$ cat work-v2.txt   # compact mmCIF, C-alpha atoms
# COMPACT_ATOMS: atom_id res chain seq x y z
CA MET T 1 -47.41 -97.02 -117.99
CA ILE T 2 -49.58 -94.16 -116.94
CA ALA T 3 -53.16 -95.26 -116.41
CA CYS T 4 -54.77 -91.89 -115.95
CA VAL T 5 -54.21 -88.24 -115.07
CA ALA T 6 -56.59 -85.96 -113.22
CA VAL T 7 -56.91 -82.31 -112.27
CA VAL T 8 -59.10 -81.44 -109.30
CA GLY T 9 -60.06 -77.93 -108.25
CA HIS T 10 -59.79 -76.47 -104.79
CA GLN T 11 -63.32 -77.45 -103.84
CA ASN T 12 -62.55 -81.04 -104.89
CA ASN T 13 -64.51 -80.52 -108.09
CA PRO T 14 -63.10 -82.51 -111.02
CA LEU T 15 -61.67 -80.33 -113.76
CA TYR T 16 -60.13 -82.93 -116.01
CA LEU T 17 -59.87 -86.71 -116.01
CA GLN T 18 -58.28 -88.66 -118.82
CA SER T 19 -57.53 -92.36 -118.85
CA PHE T 20 -54.91 -93.91 -121.12
CA THR T 21 -55.46 -97.60 -120.60
CA GLY T 22 -57.83 -98.17 -123.50
CA ALA T 23 -60.03 -100.39 -121.36
CA ASP T 24 -63.37 -99.11 -120.14
CA ASP T 25 -62.49 -98.64 -116.49
CA ALA T 26 -63.13 -94.93 -116.14
CA LEU T 27 -65.30 -95.51 -113.08
CA LYS T 28 -62.61 -97.43 -111.24
CA LEU T 29 -60.09 -94.69 -112.00
CA HIS T 30 -62.55 -92.05 -110.81
CA HIS T 31 -62.81 -93.97 -107.57
CA ILE T 32 -59.05 -94.23 -107.12
CA VAL T 33 -58.63 -90.51 -107.79
CA HIS T 34 -61.37 -89.72 -105.30
CA CYS T 35 -59.74 -91.77 -102.56
CA SER T 36 -56.43 -90.05 -103.20
CA LEU T 37 -58.05 -86.69 -102.58
CA ASP T 38 -58.60 -87.72 -98.99
CA VAL T 39 -54.92 -88.53 -98.66
CA ILE T 40 -54.01 -85.12 -100.02
CA ASP T 41 -56.31 -83.36 -97.56
CA GLU T 42 -54.78 -85.33 -94.75
CA ARG T 43 -51.24 -84.47 -95.82
CA VAL T 44 -52.02 -80.80 -96.18
CA ASN T 45 -53.91 -80.38 -92.94
CA ASN T 46 -51.71 -82.45 -90.66
CA PRO T 47 -48.17 -81.88 -91.80
CA LYS T 48 -45.82 -84.44 -90.30
CA ARG T 49 -42.58 -82.53 -90.24
CA SER T 50 -40.47 -85.57 -90.78
CA VAL T 51 -42.22 -86.61 -93.97
CA ILE T 52 -42.96 -83.51 -95.97
CA THR T 53 -42.29 -79.81 -95.62
CA LEU T 54 -45.22 -77.47 -95.34
CA ASN T 55 -44.66 -75.57 -98.53
CA GLU T 56 -43.70 -78.28 -100.99
CA SER T 57 -45.79 -78.48 -104.11
CA TYR T 58 -44.90 -82.06 -105.00
CA LEU T 59 -46.62 -84.44 -102.60
CA GLY T 60 -45.04 -87.68 -103.70
CA LEU T 61 -46.52 -91.16 -103.53
CA LEU T 62 -49.99 -90.96 -102.05
CA TYR T 63 -51.68 -94.28 -102.31
CA PRO T 64 -50.09 -97.54 -103.32
CA THR T 65 -52.55 -100.32 -104.10
CA GLU T 66 -51.65 -103.76 -105.41
CA SER T 67 -51.63 -102.70 -109.05
CA TYR T 68 -51.56 -98.91 -109.06
CA LYS T 69 -49.54 -96.08 -107.63
CA VAL T 70 -50.93 -92.57 -107.28
CA TYR T 71 -48.74 -89.47 -107.18
CA GLY T 72 -49.94 -86.03 -106.19
CA TYR T 73 -48.96 -82.40 -106.75
CA LEU T 74 -50.61 -79.37 -105.21
CA SER T 75 -50.34 -75.96 -106.81
CA ASN T 76 -50.30 -72.62 -105.04
CA THR T 77 -53.90 -72.05 -106.01
CA LYS T 78 -55.02 -75.27 -104.29
CA VAL T 79 -55.43 -77.14 -107.58
CA LYS T 80 -54.53 -80.80 -107.27
CA PHE T 81 -52.85 -82.80 -110.01
CA LEU T 82 -52.95 -86.60 -109.75
CA VAL T 83 -51.27 -89.30 -111.78
CA VAL T 84 -52.16 -92.99 -111.55
CA THR T 85 -49.48 -95.28 -112.89
CA THR T 86 -49.08 -99.02 -113.20
CA ASP T 87 -45.31 -99.00 -113.18
CA LEU T 88 -43.67 -100.48 -110.15
CA ASP T 89 -40.45 -98.50 -110.18
CA VAL T 90 -40.81 -94.89 -111.18
CA LYS T 91 -38.09 -92.39 -110.45
CA ASP T 92 -38.96 -89.32 -108.42
CA THR T 93 -37.28 -86.98 -110.91
CA ASP T 94 -39.34 -88.36 -113.79
CA ILE T 95 -42.59 -87.78 -111.96
CA ARG T 96 -41.53 -84.30 -110.89
CA SER T 97 -40.70 -83.26 -114.43
CA PHE T 98 -44.01 -84.78 -115.57
CA PHE T 99 -45.90 -82.66 -113.07
CA ARG T 100 -44.00 -79.56 -114.10
CA ARG T 101 -45.04 -80.02 -117.72
CA PHE T 102 -48.58 -80.93 -116.69
CA HIS T 103 -48.83 -77.79 -114.57
CA ALA T 104 -47.55 -75.63 -117.45
CA ALA T 105 -50.16 -77.10 -119.80
CA TYR T 106 -52.86 -76.50 -117.18
CA VAL T 107 -51.82 -72.84 -116.74
CA ASP T 108 -52.05 -72.30 -120.48
CA ALA T 109 -55.49 -73.95 -120.60
CA VAL T 110 -56.81 -71.86 -117.72
CA SER T 111 -55.52 -68.60 -119.25
CA ASN T 112 -58.05 -69.09 -122.02
CA PRO T 113 -60.56 -66.23 -121.58
CA PHE T 114 -63.39 -68.54 -122.63
CA HIS T 115 -62.63 -71.01 -119.89
CA VAL T 116 -64.93 -70.63 -116.92
CA PRO T 117 -62.98 -71.10 -113.67
CA GLY T 118 -64.40 -74.04 -111.74
CA LYS T 119 -65.88 -75.78 -114.76
CA LYS T 120 -64.31 -78.68 -116.64
CA ILE T 121 -61.51 -78.00 -119.09
CA ILE T 122 -62.85 -78.69 -122.57
CA SER T 123 -59.90 -77.49 -124.61
CA ARG T 124 -58.80 -80.03 -127.21
CA ILE T 125 -55.34 -78.51 -127.33
CA PHE T 126 -54.95 -79.19 -123.62
CA ALA T 127 -56.03 -82.80 -124.12
CA ALA T 128 -53.55 -83.18 -126.98
CA ARG T 129 -50.72 -81.67 -124.93
CA VAL T 130 -51.45 -83.94 -121.97
CA SER T 131 -51.50 -86.99 -124.25
CA GLY T 132 -48.16 -85.87 -125.65
CA ILE T 133 -46.66 -85.51 -122.18
CA VAL T 134 -47.96 -88.94 -121.16
CA LYS T 135 -46.58 -90.57 -124.32
CA ALA T 136 -43.20 -88.94 -123.77
CA PHE T 137 -43.12 -90.19 -120.20
CA ALA T 138 -41.18 -93.38 -119.81
CA PRO T 139 -39.43 -94.53 -116.64
CA GLY T 140 -35.73 -94.16 -116.89
CA THR T 141 -35.73 -91.24 -119.27
CA TYR T 142 -35.19 -87.87 -117.70
CA GLY T 143 -37.07 -84.85 -119.06
CA MET V 1 -41.58 -68.28 -126.21
CA GLY V 2 -44.67 -66.09 -125.99
CA ARG V 3 -45.49 -63.36 -128.41
CA GLU V 4 -45.28 -59.77 -127.24
CA VAL V 5 -47.43 -56.71 -127.77
CA ALA V 6 -46.51 -53.03 -127.55
CA GLU V 7 -47.48 -51.49 -124.23
CA SER V 8 -49.29 -48.60 -125.91
CA CYS V 9 -51.74 -51.09 -127.43
CA PHE V 10 -52.48 -52.36 -123.95
CA ASP V 11 -52.94 -48.82 -122.57
CA GLY V 12 -55.31 -48.04 -125.42
CA LEU V 13 -57.27 -51.23 -124.81
CA ILE V 14 -57.80 -50.47 -121.13
CA ILE V 15 -58.83 -46.88 -121.74
CA GLU V 16 -61.24 -47.93 -124.47
CA MET V 17 -62.72 -50.70 -122.35
CA VAL V 18 -63.37 -48.35 -119.42
CA SER V 19 -64.84 -45.73 -121.71
CA ALA V 20 -67.03 -48.28 -123.52
CA TYR V 21 -68.47 -49.63 -120.28
CA GLY V 22 -68.82 -46.20 -118.70
CA ARG V 23 -70.22 -44.25 -121.63
CA ARG V 24 -71.90 -46.73 -123.96
CA PHE V 25 -72.97 -49.94 -122.25
CA TYR V 26 -74.01 -48.65 -118.87
CA ALA V 27 -74.10 -44.92 -119.50
CA THR V 28 -76.92 -44.34 -117.04
CA LYS V 29 -75.71 -46.78 -114.38
CA PRO V 30 -72.11 -45.97 -113.45
CA ASP V 31 -72.00 -48.34 -110.50
CA LEU V 32 -72.98 -51.28 -112.73
CA ALA V 33 -70.23 -50.26 -115.16
CA SER V 34 -67.67 -50.17 -112.36
CA ARG V 35 -68.76 -53.60 -111.16
CA ARG V 36 -68.42 -55.08 -114.65
CA ILE V 37 -64.96 -53.58 -115.05
CA GLU V 38 -63.96 -54.92 -111.65
CA ALA V 39 -65.28 -58.37 -112.63
CA ILE V 40 -63.14 -58.35 -115.77
CA GLY V 41 -60.15 -57.46 -113.60
CA PHE V 42 -61.11 -60.27 -111.22
CA GLN V 43 -60.93 -62.90 -113.94
CA VAL V 44 -57.64 -61.50 -115.28
CA GLY V 45 -56.06 -61.53 -111.81
CA HIS V 46 -57.40 -65.03 -111.16
CA GLN V 47 -55.72 -66.37 -114.30
CA LEU V 48 -52.51 -64.36 -113.95
CA ILE V 49 -51.76 -65.54 -110.43
CA GLU V 50 -52.11 -69.14 -111.64
CA ARG V 51 -49.32 -68.44 -114.12
CA TYR V 52 -47.02 -66.52 -111.79
CA THR V 53 -47.09 -68.95 -108.86
CA VAL V 54 -46.03 -72.04 -110.81
CA GLU V 55 -42.54 -72.49 -109.49
CA ARG V 56 -43.16 -71.13 -106.01
CA PRO V 57 -43.68 -73.14 -102.84
CA ARG V 58 -47.03 -72.61 -101.19
CA PHE V 59 -47.77 -69.54 -99.08
CA SER V 60 -47.88 -70.18 -95.36
CA ASP V 61 -50.03 -67.21 -94.39
CA HIS V 62 -51.79 -64.08 -95.62
CA LEU V 63 -48.78 -61.83 -95.17
CA GLU V 64 -46.63 -63.95 -97.46
CA ALA V 65 -49.29 -63.88 -100.15
CA ILE V 66 -49.58 -60.08 -99.88
CA LYS V 67 -45.82 -59.73 -100.06
CA PHE V 68 -45.81 -61.88 -103.19
CA ILE V 69 -48.42 -59.55 -104.71
CA CYS V 70 -46.33 -56.53 -103.76
CA LYS V 71 -43.10 -57.87 -105.18
CA GLU V 72 -43.23 -60.52 -107.89
CA PHE V 73 -46.79 -60.03 -109.09
CA TRP V 74 -46.44 -56.25 -109.32
CA SER V 75 -43.08 -56.56 -111.10
CA GLU V 76 -44.59 -58.85 -113.71
CA LEU V 77 -47.49 -56.48 -114.32
CA PHE V 78 -45.92 -53.06 -113.91
CA LYS V 79 -42.14 -53.70 -114.02
CA LYS V 80 -41.70 -52.31 -110.52
CA GLN V 81 -42.58 -53.28 -106.98
CA ILE V 82 -45.01 -51.72 -104.57
CA ASP V 83 -43.25 -48.85 -102.83
CA ASN V 84 -44.81 -49.08 -99.41
CA LEU V 85 -46.87 -51.62 -97.52
CA LYS V 86 -48.69 -50.64 -94.34
CA THR V 87 -50.78 -52.91 -92.24
CA ASN V 88 -53.23 -52.72 -89.41
CA HIS V 89 -53.34 -56.21 -87.96
CA ARG V 90 -56.25 -55.79 -85.64
CA VAL V 91 -58.57 -54.47 -88.30
CA GLY V 92 -57.19 -56.77 -91.00
CA THR V 93 -56.38 -54.01 -93.45
CA PHE V 94 -53.36 -53.63 -95.70
CA VAL V 95 -52.51 -50.50 -97.64
CA LEU V 96 -50.34 -50.79 -100.72
CA GLN V 97 -48.79 -47.62 -102.03
CA ASP V 98 -47.49 -47.23 -105.56
CA ASN V 99 -45.69 -43.95 -106.22
CA LYS V 100 -45.74 -44.03 -109.98
CA PHE V 101 -48.58 -46.16 -111.29
CA ARG V 102 -47.57 -47.22 -114.77
CA TRP V 103 -51.00 -47.26 -116.34
CA PHE V 104 -51.70 -43.68 -115.34
CA THR V 105 -48.54 -42.04 -116.61
CA ARG V 106 -50.19 -41.47 -119.96
CA VAL V 107 -53.71 -40.61 -118.82
CA LEU V 108 -54.45 -37.03 -119.77
CA ILE V 109 -56.81 -35.10 -117.53
CA ASP V 110 -58.18 -32.17 -119.49
CA PRO V 111 -57.47 -28.99 -117.49
CA SER V 112 -59.22 -26.70 -119.94
CA SER V 113 -62.41 -26.33 -117.93
CA GLU V 114 -62.72 -22.94 -116.25
CA ASP V 115 -64.73 -24.05 -113.28
CA ASN V 116 -62.25 -25.68 -110.94
CA GLU V 117 -64.75 -27.66 -108.93
CA ALA V 118 -66.43 -29.24 -111.95
CA SER V 119 -63.14 -30.26 -113.52
CA GLN V 120 -61.98 -31.76 -110.23
CA GLY V 121 -65.17 -33.79 -109.99
CA SER V 122 -65.11 -35.18 -113.53
CA SER V 123 -61.39 -35.95 -113.53
CA SER V 124 -61.61 -37.87 -110.28
CA GLU V 125 -64.64 -39.74 -111.66
CA ALA V 126 -62.71 -40.67 -114.79
CA THR V 127 -59.74 -41.97 -112.85
CA SER V 128 -61.90 -43.80 -110.35
CA MET V 129 -63.42 -45.75 -113.26
CA LEU V 130 -59.93 -46.62 -114.46
CA LEU V 131 -58.99 -47.75 -110.96
CA HIS V 132 -61.63 -50.49 -110.79
CA PHE V 133 -59.66 -52.68 -113.19
CA PRO V 134 -56.44 -52.94 -111.12
CA CYS V 135 -58.55 -53.38 -107.98
CA GLY V 136 -60.25 -56.31 -109.65
CA ILE V 137 -56.91 -57.78 -110.65
CA ILE V 138 -55.68 -57.71 -107.05
CA ARG V 139 -58.93 -59.18 -105.73
CA GLY V 140 -58.90 -61.97 -108.32
CA ALA V 141 -55.29 -62.83 -107.62
CA LEU V 142 -55.86 -63.04 -103.86
CA SER V 143 -59.06 -65.04 -104.19
CA ASN V 144 -57.31 -67.70 -106.23
CA VAL V 145 -54.79 -68.31 -103.43
CA GLY V 146 -57.65 -68.61 -100.99
CA ILE V 147 -57.84 -65.12 -99.49
CA SER V 148 -61.10 -63.23 -99.87
CA CYS V 149 -60.99 -59.49 -99.40
CA ALA V 150 -62.37 -56.20 -100.67
CA VAL V 151 -60.01 -53.92 -102.55
CA SER V 152 -60.48 -50.20 -102.97
CA ALA V 153 -58.13 -47.66 -104.51
CA ASP V 154 -57.48 -44.03 -103.96
CA ALA V 155 -55.45 -41.77 -106.23
CA SER V 156 -53.95 -38.58 -104.98
CA ASN V 157 -51.88 -35.91 -106.67
CA LEU V 158 -54.01 -35.61 -109.75
CA PRO V 159 -53.91 -34.16 -112.41
CA SER V 160 -50.14 -34.34 -112.50
CA CYS V 161 -49.89 -38.00 -113.39
CA GLU V 162 -46.12 -38.28 -113.37
CA SER V 163 -46.12 -38.15 -109.62
CA CYS V 164 -49.43 -39.86 -109.09
CA ILE V 165 -49.56 -41.86 -105.89
CA LEU V 166 -52.00 -44.72 -105.69
CA PHE V 167 -53.20 -46.38 -102.51
CA PHE V 168 -54.83 -49.81 -102.64
CA ALA V 169 -56.60 -50.74 -99.44
CA LEU V 170 -57.28 -54.44 -98.82
CA LYS V 171 -59.88 -55.31 -96.23
CA PHE V 172 -60.10 -58.92 -95.17
CA SER V 173 -63.40 -60.55 -94.42
CA ILE V 174 -63.04 -63.15 -91.69

$ encode --input "work-v2.txt" --output "structure tokens"
Amino acid sequence: MIACVAVVGHQNNPLYLQSFTGADDALKLHHIVHCSLDVIDERVNNPKRSVITLNESYLGLLYPTESYKVYGYLSNTKVKFLVVTTDLDVKDTDIRSFFRRFHAAYVDAVSNPFHVPGKKIISRIFAARVSGIVKAFAPGTYG
Amino acid sequence: MGREVAESCFDGLIIEMVSAYGRRFYATKPDLASRRIEAIGFQVGHQLIERYTVERPRFSDHLEAIKFICKEFWSELFKKQIDNLKTNHRVGTFVLQDNKFRWFTRVLIDPSSEDNEASQGSSSEATSMLLHFPCGIIRGALSNVGISCAVSADASNLPSCESCILFFALKFSI
């Protein structure tokens, strides 16, 4: 079950944060997302050749805590996409296809001429699309 | 599947935008008009590069980003690639040469003026206003992948626009 998704700009400014748990733990999720940003910076600045190639967009599992797992994805324009999930076994392919759809929705939202780059995304259509992608995401189903 | 628009509509839109900013909004301040047009191009380039780099792995250095602009980005915008790329590493300048700039093939420079010098001046002024928009696009695209630079353009071979050669010079600020 996906707990929350987040989009963070290249200056680590939050562009979009949406939680899907229903409980009122937005602050805790903010905190988790914030910690994961440090992991991303570390991965990008000190590439360990054995773990990840320099030019990969998908960053994989960033930060496993006792109840959450955080996955990261970095676009070419230094925009970071993060997904916090409570599932214990999530297939790599599922997460990758999730990020691909998430990235496509983000590109469409940013192409809006009324969107100010660097400010939060306020498009309702983007929020609806992301909710749709999250609902369609279930471990074990591909695509 | 996205919807498509005829290219002539797009040509008309650009020409009208440049003329509106140059002649109506900032008629007495041409450098303000050029900066506004360049800023519009900046936002367009910023958003376009987001769309065109989705599937690509990240760029490892400046040269790769410039080559992407010359090949894939230019093909998406103008259906052809940049014809020549020259670089001066020490100064940090790149020169992109396009031998047949698509947006200018239909720009008509009025040759009816008798005085050769005056017509040369006004035609080069008109095309230099049109050039600010593609310069802004390139600058916006590069800034979104983390490269800040100044872009200037130079058009030669006017008024015969079929063989118009355009040079875009990119200067990097370190």

$ atom_distance --input "work-v2.txt" --atom1 "CA of Ser97 in chain T" --atom2 "CA of Val5 in chain T"
14.4 Å

$ residues_near_point --input "work-v2.txt" --point "(-58.9, -82.2, -122.7)" --cutoff "10 Å" --atoms "all atoms listed in the file" --output "list in words"
Leu15, Tyr16, Leu17, Gln18, Tyr106, Ala109, Lys120, Ile121, Ile122, Ser123, Arg124, Ile125, Phe126, Ala127, Ala128, Arg129, Val130 and Ser131 of chain T

$ interface_residues --input "work-v2.txt" --of "chain V" --to "chain T" --cutoff "9 Å" --atoms "all atoms listed in the file" --output "ChimeraX atom specification"
/V:43-44,46-51,53-60,143-146

$ residues_around --input "work-v2.txt" --residues "range 83-86 of chain T" --least-positions-apart "5" --cutoff "6 Å" --atoms "all atoms listed in the file" --output "MDAnalysis selection string"
chainID T and resid 1:5 68:71

$ atom_distance --input "work-v2.txt" --atom1 "CA of Ile165 in chain V" --atom2 "CA of Lys71 in chain V"
17.3 Å

$ residues_around --input "work-v2.txt" --residues "Phe137 in chain T" --least-positions-apart "3" --cutoff "8 Å" --atoms "all atoms listed in the file" --output "list in words"
Asp94, Phe98, Ile133, Val134 and Thr141 of chain T

$ atom_distance --input "work-v2.txt" --atom1 "CA of Gly72 in chain T" --atom2 "CA of Asp89 in chain T"
16.2 Å

$ residues_around --input "work-v2.txt" --residues "Ile14 in chain V" --least-positions-apart "2" --cutoff "12 Å" --atoms "only C-alpha atoms" --output "ChimeraX atom specification"
/V:7-12,16-21,37,40-41,103-104,106-107,129-134

$ residues_around --input "work-v2.txt" --residues "range 147-156 of chain V" --least-positions-apart "6" --cutoff "6 Å" --atoms "all atoms listed in the file" --output "list in words"
Cys135, Ile165, Leu166, Phe167, Phe168, Ala169, Leu170, Lys171, Phe172 and Ser173 of chain V

$ decode --input "work-v2.txt" --residues "range 17-51 of chain T" --atoms "N, CA and C atoms" --output "PDB file, in the first residue's frame"
ATOM      1  N   LEU T  17       3.242  16.947  -2.470  1.00  0.00           N
ATOM      2  CA  LEU T  17       3.302  15.885  -1.464  1.00  0.00           C
ATOM      3  C   LEU T  17       1.880  15.441  -1.215  1.00  0.00           C
ATOM      4  N   GLN T  18       1.619  14.170  -1.388  1.00  0.00           N
ATOM      5  CA  GLN T  18       0.256  13.680  -1.239  1.00  0.00           C
ATOM      6  C   GLN T  18       0.298  12.382  -0.455  1.00  0.00           C
ATOM      7  N   SER T  19      -0.450  12.312   0.612  1.00  0.00           N
ATOM      8  CA  SER T  19      -0.457  11.079   1.402  1.00  0.00           C
ATOM      9  C   SER T  19      -1.756  10.337   1.152  1.00  0.00           C
ATOM     10  N   PHE T  20      -1.688   9.000   1.174  1.00  0.00           N
ATOM     11  CA  PHE T  20      -2.846   8.186   0.849  1.00  0.00           C
ATOM     12  C   PHE T  20      -3.235   7.284   1.994  1.00  0.00           C
ATOM     13  N   THR T  21      -2.770   7.570   3.187  1.00  0.00           N
ATOM     14  CA  THR T  21      -3.077   6.642   4.282  1.00  0.00           C
ATOM     15  C   THR T  21      -4.397   6.970   4.941  1.00  0.00           C
ATOM     16  N   GLY T  22      -4.897   8.183   4.793  1.00  0.00           N
ATOM     17  CA  GLY T  22      -6.142   8.524   5.462  1.00  0.00           C
ATOM     18  C   GLY T  22      -5.910   9.033   6.872  1.00  0.00           C
ATOM     19  N   ALA T  23      -4.868   8.571   7.525  1.00  0.00           N
ATOM     20  CA  ALA T  23      -4.586   9.065   8.878  1.00  0.00           C
ATOM     21  C   ALA T  23      -3.892  10.420   8.784  1.00  0.00           C
ATOM     22  N   ASP T  24      -3.810  11.112   9.880  1.00  0.00           N
ATOM     23  CA  ASP T  24      -3.312  12.487   9.836  1.00  0.00           C
ATOM     24  C   ASP T  24      -1.827  12.530  10.166  1.00  0.00           C
ATOM     25  N   ASP T  25      -1.023  11.820   9.339  1.00  0.00           N
ATOM     26  CA  ASP T  25       0.400  11.773   9.676  1.00  0.00           C
ATOM     27  C   ASP T  25       1.229  12.461   8.610  1.00  0.00           C
ATOM     28  N   ALA T  26       0.716  13.563   8.092  1.00  0.00           N
ATOM     29  CA  ALA T  26       1.426  14.266   7.026  1.00  0.00           C
ATOM     30  C   ALA T  26       2.820  14.693   7.476  1.00  0.00           C
ATOM     31  N   LEU T  27       2.915  15.114   8.745  1.00  0.00           N
ATOM     32  CA  LEU T  27       4.206  15.605   9.243  1.00  0.00           C
ATOM     33  C   LEU T  27       5.248  14.499   9.251  1.00  0.00           C
ATOM     34  N   LYS T  28       4.815  13.306   9.685  1.00  0.00           N
ATOM     35  CA  LYS T  28       5.770  12.189   9.735  1.00  0.00           C
ATOM     36  C   LYS T  28       6.244  11.849   8.330  1.00  0.00           C
ATOM     37  N   LEU T  29       5.300  11.900   7.360  1.00  0.00           N
ATOM     38  CA  LEU T  29       5.685  11.569   5.992  1.00  0.00           C
ATOM     39  C   LEU T  29       6.607  12.637   5.419  1.00  0.00           C
ATOM     40  N   HIS T  30       6.327  13.901   5.751  1.00  0.00           N
ATOM     41  CA  HIS T  30       7.236  14.982   5.353  1.00  0.00           C
ATOM     42  C   HIS T  30       8.643  14.675   5.827  1.00  0.00           C
ATOM     43  N   HIS T  31       8.734  14.249   7.077  1.00  0.00           N
ATOM     44  CA  HIS T  31      10.027  13.979   7.688  1.00  0.00           C
ATOM     45  C   HIS T  31      10.752  12.850   6.975  1.00  0.00           C
ATOM     46  N   ILE T  32      10.002  11.790   6.667  1.00  0.00           N
ATOM     47  CA  ILE T  32      10.609  10.642   5.977  1.00  0.00           C
ATOM     48  C   ILE T  32      11.120  11.078   4.606  1.00  0.00           C
ATOM     49  N   VAL T  33      10.285  11.850   3.894  1.00  0.00           N
ATOM     50  CA  VAL T  33      10.690  12.312   2.561  1.00  0.00           C
ATOM     51  C   VAL T  33      11.950  13.159   2.674  1.00  0.00           C
ATOM     52  N   HIS T  34      11.992  14.008   3.678  1.00  0.00           N
ATOM     53  CA  HIS T  34      13.141  14.897   3.850  1.00  0.00           C
ATOM     54  C   HIS T  34      14.428  14.116   4.088  1.00  0.00           C
ATOM     55  N   CYS T  35      14.316  13.065   4.944  1.00  0.00           N
ATOM     56  CA  CYS T  35      15.516  12.249   5.188  1.00  0.00           C
ATOM     57  C   CYS T  35      15.970  11.556   3.919  1.00  0.00           C
ATOM     58  N   SER T  36      15.000  11.125   3.104  1.00  0.00           N
ATOM     59  CA  SER T  36      15.382  10.414   1.882  1.00  0.00           C
ATOM     60  C   SER T  36      16.128  11.307   0.923  1.00  0.00           C
ATOM     61  N   LEU T  37      15.851  12.617   0.987  1.00  0.00           N
ATOM     62  CA  LEU T  37      16.560  13.535   0.094  1.00  0.00           C
ATOM     63  C   LEU T  37      18.056  13.474   0.333  1.00  0.00           C
ATOM     64  N   ASP T  38      18.424  13.336   1.612  1.00  0.00           N
ATOM     65  CA  ASP T  38      19.853  13.230   1.919  1.00  0.00           C
ATOM     66  C   ASP T  38      20.458  12.007   1.267  1.00  0.00           C
ATOM     67  N   VAL T  39      19.686  10.909   1.286  1.00  0.00           N
ATOM     68  CA  VAL T  39      20.207   9.678   0.685  1.00  0.00           C
ATOM     69  C   VAL T  39      20.405   9.871  -0.810  1.00  0.00           C
ATOM     70  N   ILE T  40      19.450  10.565  -1.428  1.00  0.00           N
ATOM     71  CA  ILE T  40      19.573  10.806  -2.872  1.00  0.00           C
ATOM     72  C   ILE T  40      20.823  11.614  -3.165  1.00  0.00           C
ATOM     73  N   ASP T  41      21.032  12.686  -2.389  1.00  0.00           N
ATOM     74  CA  ASP T  41      22.213  13.530  -2.623  1.00  0.00           C
ATOM     75  C   ASP T  41      23.477  12.709  -2.497  1.00  0.00           C
ATOM     76  N   GLU T  42      23.481  11.842  -1.482  1.00  0.00           N
ATOM     77  CA  GLU T  42      24.658  11.018  -1.282  1.00  0.00           C
ATOM     78  C   GLU T  42      24.888  10.099  -2.462  1.00  0.00           C
ATOM     79  N   ARG T  43      23.798   9.491  -2.973  1.00  0.00           N
ATOM     80  CA  ARG T  43      23.952   8.559  -4.086  1.00  0.00           C
ATOM     81  C   ARG T  43      24.436   9.268  -5.331  1.00  0.00           C
ATOM     82  N   VAL T  44      23.937  10.502  -5.523  1.00  0.00           N
ATOM     83  CA  VAL T  44      24.276  11.193  -6.760  1.00  0.00           C
ATOM     84  C   VAL T  44      25.694  11.719  -6.708  1.00  0.00           C
ATOM     85  N   ASN T  45      26.113  12.191  -5.524  1.00  0.00           N
ATOM     86  CA  ASN T  45      27.429  12.816  -5.479  1.00  0.00           C
ATOM     87  C   ASN T  45      28.563  11.823  -5.303  1.00  0.00           C
ATOM     88  N   ASN T  46      28.303  10.710  -4.655  1.00  0.00           N
ATOM     89  CA  ASN T  46      29.374   9.713  -4.520  1.00  0.00           C
ATOM     90  C   ASN T  46      28.933   8.423  -5.176  1.00  0.00           C
ATOM     91  N   PRO T  47      29.059   8.309  -6.475  1.00  0.00           N
ATOM     92  CA  PRO T  47      28.550   7.103  -7.098  1.00  0.00           C
ATOM     93  C   PRO T  47      29.449   5.915  -6.800  1.00  0.00           C
ATOM     94  N   LYS T  48      28.868   4.892  -6.178  1.00  0.00           N
ATOM     95  CA  LYS T  48      29.640   3.657  -5.965  1.00  0.00           C
ATOM     96  C   LYS T  48      29.390   2.812  -7.199  1.00  0.00           C
ATOM     97  N   ARG T  49      30.414   2.575  -7.948  1.00  0.00           N
ATOM     98  CA  ARG T  49      30.231   1.942  -9.252  1.00  0.00           C
ATOM     99  C   ARG T  49      29.552   0.588  -9.139  1.00  0.00           C
ATOM    100  N   SER T  50      29.781  -0.083  -8.050  1.00  0.00           N
ATOM    101  CA  SER T  50      29.220  -1.425  -7.974  1.00  0.00           C
ATOM    102  C   SER T  50      27.717  -1.387  -7.729  1.00  0.00           C
ATOM    103  N   VAL T  51      27.224  -0.313  -7.167  1.00  0.00           N
ATOM    104  CA  VAL T  51      25.810  -0.307  -6.794  1.00  0.00           C
ATOM    105  C   VAL T  51      24.935   0.275  -7.893  1.00  0.00           C
TER     106      VAL T  51
END
